[in-house]
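Dropping model_18.cif in here (mmCIF, C-alpha atoms):
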data_coords
loop_
_atom_site.label_atom_id
_atom_site.label_comp_id
_atom_site.auth_asym_id
_atom_site.auth_seq_id
_atom_site.Cartn_x
_atom_site.Cartn_y
_atom_site.Cartn_z
CA MET B 129 -98.12 137.00 -5.84
CA THR B 130 -101.65 137.94 -6.79
CA SER B 131 -103.44 141.01 -5.52
CA THR B 132 -106.69 139.24 -4.71
CA SER B 133 -107.58 136.17 -2.71
CA ALA B 134 -110.12 134.36 -4.86
CA ALA B 135 -108.81 131.02 -3.59
CA HIS B 136 -109.98 131.94 -0.08
CA PRO B 137 -113.60 131.52 1.00
CA PRO B 138 -115.61 134.64 1.86
CA ARG B 139 -115.08 135.78 5.43
CA LEU B 140 -117.68 137.52 7.59
CA LEU B 141 -116.31 139.49 10.52
CA THR B 142 -118.86 140.02 13.28
CA ASN B 143 -119.16 141.34 16.84
CA GLY B 144 -116.57 144.08 16.41
CA THR B 145 -116.19 147.76 15.65
CA ILE B 146 -115.54 148.51 11.97
CA HIS B 147 -113.85 151.87 11.37
CA SER B 148 -115.74 152.84 8.22
CA PRO B 149 -116.74 156.42 7.36
CA SER B 150 -119.57 155.13 5.17
CA GLU B 151 -121.00 153.03 8.03
CA PRO B 152 -119.55 154.57 11.22
CA TYR B 153 -121.55 152.32 13.57
CA ALA B 154 -120.90 149.07 11.73
CA ASP B 155 -119.97 145.97 13.70
CA ALA B 156 -119.70 143.49 10.81
CA MET B 157 -117.83 143.30 7.50
CA LEU B 158 -117.80 140.85 4.60
CA VAL B 159 -114.54 140.12 2.75
CA GLU B 160 -114.66 138.34 -0.60
CA ASP B 161 -112.14 137.91 -3.40
CA GLY B 162 -109.69 140.24 -1.69
CA LEU B 163 -112.18 143.09 -1.50
CA ILE B 164 -114.59 144.48 1.06
CA ALA B 165 -117.97 143.32 -0.20
CA TRP B 166 -120.20 144.77 2.51
CA VAL B 167 -120.13 146.71 5.81
CA GLY B 168 -123.05 146.85 8.21
CA SER B 169 -124.72 145.55 11.35
CA ASP B 170 -124.51 142.21 13.11
CA GLU B 171 -128.27 141.88 12.70
CA THR B 172 -128.01 142.03 8.91
CA ALA B 173 -124.92 139.81 8.92
CA ALA B 174 -126.85 137.11 10.79
CA GLU B 175 -129.20 136.76 7.82
CA ARG B 176 -126.43 135.43 5.56
CA LYS B 177 -126.53 131.64 5.21
CA ASP B 178 -123.83 131.04 2.56
CA ALA B 179 -122.55 127.48 2.78
CA ASP B 180 -118.90 128.40 2.31
CA LEU B 181 -118.97 131.49 4.52
CA VAL B 182 -116.30 131.63 7.24
CA ILE B 183 -117.58 133.54 10.27
CA GLN B 184 -115.01 135.26 12.44
CA ASP B 185 -116.06 136.53 15.88
CA LEU B 186 -114.04 139.67 16.64
CA ASP B 187 -114.88 139.69 20.34
CA ARG B 188 -115.41 143.47 20.15
CA ALA B 189 -112.01 144.15 18.57
CA LEU B 190 -111.48 147.18 16.34
CA VAL B 191 -111.06 146.71 12.57
CA ALA B 192 -109.29 149.66 10.95
CA PRO B 193 -107.42 150.47 7.73
CA ALA B 194 -103.80 149.31 7.72
CA PHE B 195 -101.12 151.91 8.25
CA VAL B 196 -98.51 153.05 5.73
CA GLY B 197 -94.93 152.65 6.96
CA TRP B 198 -91.42 153.41 5.83
CA VAL B 199 -88.70 150.74 5.59
CA ASN B 200 -85.03 151.67 5.22
CA LEU B 201 -82.48 149.10 4.10
CA ALA B 202 -78.91 149.71 5.19
CA ALA B 203 -76.40 151.35 2.88
CA SER B 204 -73.39 149.93 1.06
CA GLY B 205 -72.11 146.52 1.95
CA GLU B 206 -75.24 145.51 3.83
CA THR B 207 -77.76 146.21 1.11
CA GLY B 208 -75.78 144.41 -1.57
CA ALA B 209 -74.98 147.59 -3.45
CA PRO B 210 -71.25 147.78 -4.11
CA GLU B 211 -69.13 149.99 -1.91
CA ALA B 212 -66.90 152.67 -3.38
CA GLY B 213 -64.00 150.90 -5.04
CA SER B 214 -65.62 147.50 -4.78
CA THR B 215 -65.54 145.22 -7.81
CA GLY B 216 -67.47 142.34 -6.29
CA ALA B 217 -70.89 141.38 -7.58
CA ALA B 218 -73.94 142.17 -5.53
CA PRO B 219 -75.48 139.33 -3.52
CA GLY B 220 -78.07 137.26 -5.32
CA ASP B 221 -81.84 137.22 -5.05
CA SER B 222 -81.84 134.77 -2.13
CA SER B 223 -79.95 137.22 0.10
CA TRP B 224 -82.34 140.02 -0.77
CA ALA B 225 -85.37 137.78 -0.32
CA ALA B 226 -84.40 137.11 3.29
CA ARG B 227 -83.61 140.73 4.16
CA VAL B 228 -86.54 142.32 2.36
CA GLY B 229 -88.92 139.62 3.54
CA ALA B 230 -87.88 140.14 7.16
CA ALA B 231 -88.25 143.92 6.87
CA LEU B 232 -91.72 143.69 5.33
CA ASP B 233 -92.78 141.02 7.84
CA ALA B 234 -91.77 143.43 10.61
CA ALA B 235 -93.84 146.20 8.98
CA ALA B 236 -96.88 143.94 8.80
CA ALA B 237 -96.36 143.04 12.47
CA GLN B 238 -96.71 146.76 13.27
CA GLY B 239 -99.99 146.97 11.34
CA CYS B 240 -98.71 148.28 8.00
CA GLY B 241 -100.29 147.16 4.74
CA ALA B 242 -98.07 149.34 2.56
CA VAL B 243 -94.62 150.89 2.93
CA ARG B 244 -92.18 153.15 1.20
CA LEU B 245 -89.26 150.74 0.74
CA SER B 246 -86.02 152.69 0.57
CA VAL B 247 -82.70 151.21 -0.56
CA GLU B 248 -79.75 153.46 0.20
CA LEU B 249 -76.98 153.74 -2.36
CA PRO B 250 -73.72 155.74 -2.12
CA VAL B 251 -73.27 157.75 -5.28
CA ALA B 252 -69.78 156.30 -5.80
CA ALA B 253 -71.41 152.92 -6.43
CA LEU B 254 -72.97 154.20 -9.66
CA THR B 255 -69.64 153.50 -11.37
CA GLU B 256 -70.54 149.81 -10.99
CA ALA B 257 -73.69 150.18 -13.09
CA ASP B 258 -74.34 146.49 -13.74
CA ALA B 259 -73.88 145.51 -10.08
CA VAL B 260 -76.11 148.36 -8.94
CA GLN B 261 -78.84 147.38 -11.39
CA GLU B 262 -78.61 143.77 -10.25
CA ALA B 263 -78.88 144.78 -6.60
CA LEU B 264 -81.87 147.07 -7.18
CA ASN B 265 -83.66 144.49 -9.29
CA ALA B 266 -83.06 141.77 -6.70
CA ALA B 267 -84.23 143.94 -3.80
CA PHE B 268 -87.45 145.07 -5.38
CA ARG B 269 -88.15 141.71 -7.01
CA SER B 270 -88.13 140.30 -3.48
CA ALA B 271 -90.57 143.02 -2.44
CA ALA B 272 -92.87 142.14 -5.34
CA ASP B 273 -93.19 138.63 -3.89
CA HIS B 274 -94.44 139.92 -0.52
CA ARG B 275 -98.04 140.83 0.27
CA VAL B 276 -97.13 144.12 1.92
CA ARG B 277 -97.49 146.66 -0.88
CA ALA B 278 -94.04 148.21 -1.41
CA TYR B 279 -93.48 151.59 -3.04
CA PRO B 280 -89.82 151.70 -4.14
CA VAL B 281 -87.44 154.47 -3.20
CA LEU B 282 -83.77 154.79 -4.12
CA THR B 283 -81.91 156.97 -1.61
CA LEU B 284 -78.77 158.39 -3.19
CA THR B 285 -76.15 159.70 -0.74
CA GLY B 286 -72.70 161.26 -0.90
CA LEU B 287 -73.44 164.08 -3.36
CA THR B 288 -71.80 166.75 -1.19
CA ASP B 289 -68.27 166.25 -2.52
CA MET B 290 -69.29 166.26 -6.18
CA GLY B 291 -69.32 169.16 -8.59
CA VAL B 292 -72.59 170.62 -9.87
CA ALA B 293 -72.44 168.85 -13.24
CA ASP B 294 -71.49 165.52 -11.66
CA ARG B 295 -74.41 165.73 -9.23
CA LEU B 296 -76.86 166.21 -12.05
CA ASP B 297 -75.32 163.36 -14.01
CA ALA B 298 -75.63 161.10 -10.95
CA VAL B 299 -79.31 162.01 -10.52
CA ARG B 300 -80.01 161.25 -14.19
CA VAL B 301 -78.17 157.92 -14.05
CA ALA B 302 -80.00 156.87 -10.87
CA ALA B 303 -83.35 157.87 -12.34
CA GLU B 304 -82.65 155.80 -15.44
CA GLN B 305 -81.73 152.71 -13.40
CA LEU B 306 -85.13 152.87 -11.71
CA ARG B 307 -86.99 152.17 -14.96
CA THR B 308 -86.57 148.44 -14.47
CA VAL B 309 -87.79 148.77 -10.89
CA ASP B 310 -90.94 150.52 -12.14
CA ALA B 311 -91.73 147.46 -14.25
CA ILE B 312 -90.95 144.96 -11.49
CA LEU B 313 -93.43 146.45 -9.01
CA GLY B 314 -95.86 148.04 -11.45
CA ARG B 315 -95.65 151.47 -9.82
CA PRO B 316 -93.18 154.32 -10.17
CA ALA B 317 -90.05 154.35 -8.03
CA ALA B 318 -89.07 157.57 -6.29
CA LEU B 319 -85.61 159.08 -5.93
CA GLN B 320 -84.68 160.38 -2.46
CA LEU B 321 -81.81 162.79 -1.92
CA LEU B 322 -80.49 164.37 1.28
CA ALA B 323 -81.79 167.93 1.16
CA HIS B 324 -78.67 169.53 2.57
CA GLU B 325 -76.58 167.94 -0.21
CA VAL B 326 -78.58 169.50 -3.07
CA LEU B 327 -80.30 172.57 -1.67
CA GLU B 328 -77.91 175.03 -3.38
CA GLN B 329 -78.85 173.68 -6.81
CA LEU B 330 -82.39 172.57 -6.03
CA LEU B 331 -83.87 174.01 -9.23
CA SER B 332 -81.59 171.94 -11.45
CA ILE B 333 -82.18 168.82 -9.38
CA ARG B 334 -85.96 169.21 -9.49
CA LEU B 335 -85.88 169.88 -13.23
CA ALA B 336 -83.81 166.74 -13.79
CA ALA B 337 -86.27 164.65 -11.75
CA ALA B 338 -89.25 166.15 -13.59
CA GLN B 339 -87.69 165.47 -16.99
CA ALA B 340 -87.06 161.87 -15.92
CA GLN B 341 -90.73 161.54 -14.82
CA ARG B 342 -89.44 160.64 -11.37
CA GLN B 343 -90.84 161.65 -7.97
CA LEU B 344 -88.23 163.52 -5.94
CA ILE B 345 -88.11 163.06 -2.16
CA LEU B 346 -85.95 165.42 -0.13
CA GLN B 347 -84.93 163.97 3.22
CA THR B 348 -84.48 166.87 5.60
CA ASP B 349 -82.30 167.22 8.67
CA GLN B 350 -83.09 170.42 10.53
CA SER B 351 -79.97 170.05 12.66
CA ILE B 352 -78.06 170.77 9.43
CA THR B 353 -80.44 173.00 7.46
CA PRO B 354 -83.02 175.24 9.19
CA ALA B 355 -86.60 174.71 8.09
CA ALA B 356 -86.85 178.27 6.79
CA ASP B 357 -83.91 177.72 4.43
CA THR B 358 -85.48 174.58 3.02
CA VAL B 359 -88.78 176.39 2.49
CA ALA B 360 -87.09 179.35 0.79
CA ALA B 361 -85.29 177.04 -1.65
CA LEU B 362 -88.51 175.24 -2.49
CA VAL B 363 -90.49 178.44 -3.00
CA SER B 364 -87.79 179.87 -5.27
CA SER B 365 -87.35 176.70 -7.33
CA THR B 366 -91.11 176.23 -7.69
CA SER B 367 -91.51 179.76 -9.02
CA GLU B 368 -88.78 179.24 -11.60
CA MET B 369 -90.12 175.82 -12.64
CA ARG B 370 -93.55 177.28 -13.23
CA ALA B 371 -92.02 180.09 -15.26
CA LYS B 372 -90.32 177.44 -17.41
CA ARG B 373 -93.57 175.40 -17.53
CA GLN B 374 -91.68 172.40 -16.16
CA SER B 375 -93.47 171.51 -12.94
CA PRO B 376 -93.26 167.94 -11.55
CA PRO B 377 -95.51 165.44 -13.37
CA GLY B 378 -99.06 165.06 -12.12
CA GLY B 379 -99.28 162.50 -9.35
CA LEU B 380 -95.53 162.80 -8.61
CA PRO B 381 -95.15 165.92 -6.43
CA THR B 382 -91.92 166.75 -4.64
CA VAL B 383 -92.00 165.32 -1.10
CA LEU B 384 -90.29 166.65 2.03
CA HIS B 385 -89.47 163.66 4.23
CA GLY B 386 -88.87 164.42 7.90
CA PHE B 387 -89.64 168.14 7.58
CA ASP B 388 -91.27 170.00 10.46
CA SER B 389 -91.58 173.57 11.66
CA ALA B 390 -93.16 175.35 14.59
CA ALA B 391 -93.48 178.50 12.45
CA ARG B 392 -96.86 178.82 10.76
CA GLU B 393 -95.36 181.06 8.08
CA ASP B 394 -93.18 178.17 6.88
CA TRP B 395 -96.25 176.02 6.28
CA GLU B 396 -98.06 178.92 4.61
CA SER B 397 -95.13 179.37 2.24
CA LEU B 398 -95.17 175.66 1.37
CA LEU B 399 -98.89 175.73 0.61
CA ASN B 400 -98.50 177.21 -2.87
CA THR B 401 -95.53 175.04 -3.90
CA GLY B 402 -97.46 171.79 -4.44
CA VAL B 403 -94.97 170.06 -2.15
CA GLN B 404 -96.15 167.27 0.13
CA VAL B 405 -94.73 166.67 3.60
CA VAL B 406 -94.15 163.39 5.43
CA LEU B 407 -93.69 163.99 9.15
CA ARG B 408 -91.36 161.53 10.85
CA GLY B 409 -92.62 160.77 14.34
CA ARG B 410 -94.01 163.76 16.22
CA GLY B 411 -94.46 167.06 14.39
CA HIS B 412 -96.63 170.14 14.05
CA LEU B 413 -99.43 168.24 12.35
CA ALA B 414 -102.23 170.51 13.58
CA THR B 415 -100.59 173.58 12.07
CA ALA B 416 -99.91 171.85 8.75
CA LEU B 417 -103.51 170.66 8.52
CA SER B 418 -104.95 174.05 9.46
CA VAL B 419 -102.90 175.73 6.72
CA GLY B 420 -103.89 173.08 4.18
CA VAL B 421 -100.50 171.63 3.27
CA PRO B 422 -100.82 168.00 2.04
CA VAL B 423 -99.25 166.18 4.99
CA SER B 424 -98.93 162.60 6.14
CA ALA B 425 -96.93 160.95 8.89
CA VAL B 426 -94.90 157.85 9.56
CA ALA B 427 -93.66 156.34 12.81
CA GLU B 428 -89.99 156.25 13.71
CA ASP B 429 -88.11 153.06 12.81
CA GLY B 430 -89.31 150.11 14.88
CA GLN B 431 -92.15 151.99 16.56
CA SER B 432 -95.82 151.16 16.48
CA PRO B 433 -97.77 153.64 14.34
CA TRP B 434 -99.92 154.27 17.40
CA VAL B 435 -96.86 155.80 19.09
CA ALA B 436 -96.83 158.51 16.42
CA VAL B 437 -100.61 159.00 16.72
CA THR B 438 -100.25 159.34 20.49
CA ALA B 439 -97.37 161.80 20.11
CA HIS B 440 -99.48 164.02 17.86
CA VAL B 441 -102.53 163.81 20.11
CA HIS B 442 -100.52 164.76 23.19
CA HIS B 443 -98.21 167.30 21.50
CA GLU B 444 -97.65 170.01 24.12
CA SER B 445 -98.18 172.96 21.74
CA ASP B 446 -99.85 171.56 18.61
CA PRO B 447 -102.21 168.69 19.54
CA VAL B 448 -104.67 167.06 17.15
CA SER B 449 -107.60 164.70 17.49
CA VAL B 450 -106.98 160.96 17.35
CA ARG B 451 -108.85 160.93 14.06
CA ALA B 452 -106.46 163.49 12.53
CA GLY B 453 -103.41 161.66 13.81
CA PHE B 454 -104.74 158.33 12.56
CA ASN B 455 -105.72 159.70 9.14
CA ALA B 456 -102.23 161.16 8.68
CA GLN B 457 -100.82 157.60 8.70
CA THR B 458 -103.64 156.00 6.72
CA ARG B 459 -105.78 158.07 4.34
CA GLY B 460 -103.29 160.93 4.01
CA ALA B 461 -100.39 158.51 3.67
CA TYR B 462 -102.09 156.43 0.96
CA ARG B 463 -102.88 159.59 -0.98
CA SER B 464 -99.19 160.54 -0.93
CA LEU B 465 -98.08 157.32 -2.61
CA PRO B 466 -97.37 157.35 -6.35
CA GLU B 467 -99.33 155.05 -8.61
CA THR B 468 -98.79 154.42 -12.32
CA SER B 469 -102.45 155.24 -12.91
CA GLY B 470 -102.22 158.37 -10.80
CA THR B 471 -105.03 156.98 -8.63
CA PRO B 472 -104.15 155.89 -5.08
CA ALA B 473 -104.78 152.28 -4.13
CA THR B 474 -108.17 151.95 -2.45
CA SER B 475 -106.94 150.82 0.95
CA ALA B 476 -107.39 154.01 2.95
CA GLN B 477 -111.01 153.39 4.01
CA LEU B 478 -113.02 150.29 4.81
CA ASP B 479 -115.83 150.81 2.33
CA PRO B 480 -117.48 148.36 -0.10
CA GLY B 481 -115.33 147.91 -3.18
CA ALA B 482 -112.08 148.82 -1.43
CA ARG B 483 -109.16 146.41 -1.14
CA ALA B 484 -109.54 144.28 1.99
CA THR B 485 -106.35 145.54 3.60
CA TYR B 486 -106.98 146.11 7.28
CA THR B 487 -105.79 145.53 10.82
CA VAL B 488 -107.55 144.15 13.88
CA TRP B 489 -106.72 145.65 17.28
CA GLU B 490 -107.51 144.82 20.88
CA VAL B 491 -108.36 148.10 22.59
CA ASP B 492 -109.32 149.14 26.10
CA SER B 493 -111.91 151.68 25.00
CA LEU B 494 -113.12 153.58 21.96
CA ALA B 495 -113.96 157.26 21.74
CA VAL B 496 -114.13 160.38 19.62
CA GLN B 497 -111.07 161.96 21.22
CA THR B 498 -110.38 165.65 20.67
CA PRO B 499 -107.04 167.39 21.31
CA ASP B 500 -108.30 168.22 24.79
CA SER B 501 -108.62 164.76 26.32
CA ARG B 502 -111.14 166.04 28.85
CA THR B 503 -113.74 166.29 26.09
CA ALA B 504 -113.14 162.80 24.70
CA ALA B 505 -116.28 160.71 24.89
CA TRP B 506 -118.40 158.10 23.21
CA SER B 507 -120.39 159.64 20.40
CA THR B 508 -124.07 159.25 21.18
CA ASP B 509 -125.43 161.33 18.32
CA VAL B 510 -125.92 159.08 15.28
CA ARG B 511 -126.15 162.16 13.07
CA ALA B 512 -122.47 162.92 13.81
CA ARG B 513 -121.50 159.79 11.87
CA THR B 514 -117.98 159.82 13.29
CA PRO B 515 -116.39 156.37 13.45
CA LEU B 516 -114.71 155.53 16.73
CA LEU B 517 -111.01 155.03 17.39
CA PRO B 518 -109.00 153.93 20.45
CA TYR B 519 -108.85 156.27 23.39
CA LEU B 520 -105.15 157.13 23.74
CA ASP B 521 -104.15 158.05 27.28
CA GLY B 522 -100.49 158.56 26.43
CA GLU B 523 -99.40 155.30 28.03
CA THR B 524 -101.22 152.20 26.79
CA LEU B 525 -101.34 151.35 23.09
CA PRO B 526 -103.76 149.15 21.13
CA THR B 527 -102.52 145.57 20.67
CA LEU B 528 -102.34 144.20 17.15
CA LEU B 529 -104.21 140.92 16.72
CA TRP B 530 -103.60 140.47 13.00
CA THR B 531 -102.88 142.25 9.73
CA VAL B 532 -104.81 141.33 6.59
CA ILE B 533 -103.74 142.37 3.10
CA ASP B 534 -106.00 141.81 0.09
CA GLY B 535 -108.13 139.49 2.21
CA VAL B 536 -105.21 137.29 3.33
CA GLU B 537 -103.90 137.25 6.89
CA VAL B 538 -100.19 138.05 6.79
CA SER B 539 -99.34 138.72 10.42
CA ARG B 540 -100.57 137.51 13.77
CA PRO B 541 -97.94 138.81 16.21
CA ALA B 542 -97.22 137.27 19.58
CA SER B 543 -98.99 138.88 22.50
CA HIS B 544 -98.12 142.51 23.09
CA ALA B 545 -99.97 142.69 26.38
CA GLY B 546 -98.91 145.69 28.38
CA THR B 547 -97.35 147.48 25.40
CA GLN B 548 -96.65 151.06 26.44
CA ALA B 549 -96.46 154.20 24.37
CA GLN B 550 -92.92 155.53 24.09
CA ALA B 551 -92.23 159.09 25.02
#
Can the structure from this file be put into structure tokens for me?
Amino acid sequence: MTSTSAAHPPRLLTNGTIHSPSEPYADAMLVEDGLIAWVGSDETAAERKDADLVIQDLDRALVAPAFVGWVNLAASGETGAPEAGSTGAAPGDSSWAARVGAALDAAAAQGCGAVRLSVELPVAALTEADAVQEALNAAFRSAADHRVRAYPVLTLTGLTDMGVADRLDAVRVAAEQLRTVDAILGRPAALQLLAHEVLEQLLSIRLAAAQAQRQLILQTDQSITPAADTVAALVSSTSEMRAKRQSPPGGLPTVLHGFDSAAREDWESLLNTGVQVVLRGRGHLATALSVGVPVSAVAEDGQSPWVAVTAHVHHESDPVSVRAGFNAQTRGAYRSLPETSGTPATSAQLDPGARATYTVWEVDSLAVQTPDSRTAAWSTDVRARTPLLPYLDGETLPTLLWTVIDGVEVSRPASHAGTQAQA
């Protein structure tokens, strides 16, 4: 798969609303060679007379950056990783191609142009090193053949019953097996551990990940470990890592996946740790943003990203604007993704020179919607330069018309007329 679409003729989108901070009142956009070549007005667009230009009438639809999602592939037996005690070989590439392809197709059908692609592996399977490596290579090789941009994650489970030394050995072995995955996708794979399984030796775990040049993701479950305990462990381990001059590599910060807290002091404590947070579904986004913690969000499995935006906008105690909720799953989410170069892929904003990865939505109305819905309104002051987004009433969601990645249409879902926001 190539990352550009030079074989496709230039496409001029007109008669729509282009969500572009550089041109907030744009209604036309030119896509060429997989990149956004120009954003502006219909009047200027009408002056183009290129012979090979394909003109696409948006019929007032909204064009916006694609979301970033999170895809989880089932654990042992279903992923192809060997189960504990199994001696059978992992399924071949064709099995993975079908499963990964279907999962990434589903993500594109929700409006995602990039995802964290997590393959879960029970730690006992590491004894079958060759089979594990084959399974990981097959899974992420399948992802490399799909247009949705996949950022690999290996989720290692079952560390609770192991001794301290064995846990560290398992982390090092898993990190080493991801080197091939790095090469397959051309971007660094992350290692995700269940926070409650490693919190008591978090310093050693973080040091091992840092020495392996591997991003560490801690998946939290506050029904098992209170948020304050997780924060305390991170603050303590960060202080000791800095004293040892062994902080995580630049561009690969520790990530808390699924963390949330109603306590402002928890977010304030996280601020100086360099940790990033990925909210899962609804969370205290407004508090995190006001404190300054690097935070992004992702919808729950199978949900439209707009469900998560709506949940944050209508949060009973910590509401945000639609723009803040939307940015948490686009610009903030893209910034949280690791890149080999250390520079995020330019997909977060629809500006000239950026990758032409975007979504087109049918919407009932557009507005600049604040946390208090009574003040939501069309922006009439051109000096505000605030691009419009759907008005979210808490019930009706925008309908996806198509998803485009690197200038190529990858998803045109069946009608979602009447789609309702989930509580």
Show which residues sit within 10 Å of Arg295 of chain B, as a JSON list (two decimals) with C-alpha atoms, in the coordinates of the input. Count all atoms listed in the file, and ignore same-chain residues fewer than 6 positions away.
[["chain", "number", "residue", "atom", "x", "y", "z"],
["B", 251, "VAL", "CA", -73.27, 157.75, -5.28],
["B", 286, "GLY", "CA", -72.70, 161.26, -0.90],
["B", 287, "LEU", "CA", -73.44, 164.08, -3.36],
["B", 288, "THR", "CA", -71.80, 166.75, -1.19],
["B", 289, "ASP", "CA", -68.27, 166.25, -2.52],
["B", 301, "VAL", "CA", -78.17, 157.92, -14.05],
["B", 325, "GLU", "CA", -76.58, 167.94, -0.21],
["B", 326, "VAL", "CA", -78.58, 169.50, -3.07],
["B", 329, "GLN", "CA", -78.85, 173.68, -6.81],
["B", 332, "SER", "CA", -81.59, 171.94, -11.45],
["B", 333, "ILE", "CA", -82.18, 168.82, -9.38]]
Practice problem: Rank B:Ala234, B:Ala390, B:Ile183, B:Leu140 by their smallest atom-to-atom distance to His274 of chain B, using all atoms listed in the file, and report the top residue only. | Solution: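 Using all atoms listed in the file, His274 of chain B sits closest to B:Ala234.
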Practice problem: Evaluate the PyMOL selection byres ((chain B and resi 449) around 9) on the structure here and hand back the selected residues as a VMD selection string. | Solution: chain B and resid 414 440 to 441 447 to 448 450 to 454 496 to 501
Practice problem: Could you state which residues are captured by the PyMOL selection byres ((chain B and resi 169) around 8) in this file, as a list in words? | Solution: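 The output of the PyMOL selection byres ((chain B and resi 169) around 8) on this file is Tyr153, Ala154, Asp155, Ala156, Val167, Gly168, Asp170, Glu171, Thr172 and Ala173 of chain B.
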Quiz item: Using all atoms listed in the file, which residue out of B:Arg300, B:Arg540, B:His412, B:Arg392 lies closest to Ala337 of chain B?
Solution: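 Comparing B:Arg300, B:Arg540, B:His412, B:Arg392 against Ala337 of chain B, the winner is B:Arg300.
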Quiz item: Which one of B:Val247, B:Ala361, B:Val491, B:Leu516 sits closest to Leu529 of chain B if you count only C-alpha atoms?
Solution: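 Among the listed residues, B:Val491 lies closest to Leu529 of chain B.
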Practice problem: To one decimal in Å, tell me the separation between atom CA of Val191 of chain B and atom CA of His147 of chain B. | Solution: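 One can read the atom CA of Val191 of chain B to atom CA of His147 of chain B distance as 6.0 Å.
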Exercise. For atom CA of Lys372 of chain B and atom CA of Leu335 of chain B, quote the distance in Å rounded to one decimal.
Key: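 Separation between atom CA of Lys372 of chain B and atom CA of Leu335 of chain B: 9.7 Å.
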Practice problem: Let me know the residues the PyMOL selection byres ((chain B and resi 139) around 6) catches in the file above, as a PyMOL selection string. | Solution: chain B and resi 138+140+158-159+181-183
Practice problem: Using atom CA of Thr438 of chain B and atom CA of Gly411 of chain B as the two end points, give the distance in Å to one decimal. | Solution: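 These atoms are spaced 11.4 Å apart.
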Quiz item: So which one's closest to Ala235 of chain B, B:Asp429, B:Asp479, B:Glu490, B:Glu262? Using all atoms listed in the file, please.
Solution: B:Asp429
Quiz item: From the list B:Ser364, B:Thr308, B:Gln404, B:Gln431, which residue is nearest Leu346 of chain B when using all atoms listed in the file?
Solution: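 Once distances to Leu346 of chain B are computed over all atoms listed in the file, the minimum belongs to B:Gln404.
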Quiz prompt | B:Gly314, B:Gly420, B:Pro250, B:Gly409 ranked by distance to Leu284 of chain B, top pick (using all atoms listed in the file) | solution =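 Once distances to Leu284 of chain B are computed over all atoms listed in the file, the minimum belongs to B:Pro250.
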Exercise. Please provide the set of residues having any atom within 10 Å of segment 221-231 of chain B, restricted to only C-alpha atoms, with same-chain residues fewer than 6 positions apart removed, written as a ChimeraX atom specification.
Key: /B:199-201,206-208,237,245,262-276
Using only C-alpha atoms, which protein or nucleic acid residues come within 9 Å of Ile345 of chain B? Drop anything in the same chain fewer than 5 positions from it, and give the result as an mmCIF file with C-alpha atoms, keeping the file's coordinate frame.
data_model
loop_
_atom_site.group_PDB
_atom_site.id
_atom_site.type_symbol
_atom_site.label_atom_id
_atom_site.label_comp_id
_atom_site.auth_asym_id
_atom_site.auth_seq_id
_atom_site.Cartn_x
_atom_site.Cartn_y
_atom_site.Cartn_z
ATOM 1 C CA VAL B 281 -87.440 154.470 -3.200
ATOM 2 C CA THR B 283 -81.910 156.970 -1.610
ATOM 3 C CA ALA B 318 -89.070 157.570 -6.290
ATOM 4 C CA LEU B 319 -85.610 159.080 -5.930
ATOM 5 C CA GLN B 320 -84.680 160.380 -2.460
ATOM 6 C CA LEU B 321 -81.810 162.790 -1.920
ATOM 7 C CA LEU B 322 -80.490 164.370 1.280
ATOM 8 C CA ALA B 323 -81.790 167.930 1.160
ATOM 9 C CA PRO B 381 -95.150 165.920 -6.430
ATOM 10 C CA THR B 382 -91.920 166.750 -4.640
ATOM 11 C CA VAL B 383 -92.000 165.320 -1.100
ATOM 12 C CA LEU B 384 -90.290 166.650 2.030
ATOM 13 C CA HIS B 385 -89.470 163.660 4.230
#
Practice problem: Please check which residues have atoms at most 10 Å from (-101.5, 160.8, 6.8) in the file's coordinates, counting all atoms listed in the file, and write them as a PyMOL selection string. | Solution: chain B and resi 195-196+405-407+413+422-426+452-464+476
Step by step, gather every atom of segment 285-292 of chain B that the file lists, find the box along x, y and z that holds them, add 5 Å on each side, and finally give centre and edge lengths in Å to one decimal, as AutoDock Vina command-line options.
--center_x -72.2 --center_y 165.2 --center_z -5.3 --size_x 17.9 --size_y 20.9 --size_z 19.1
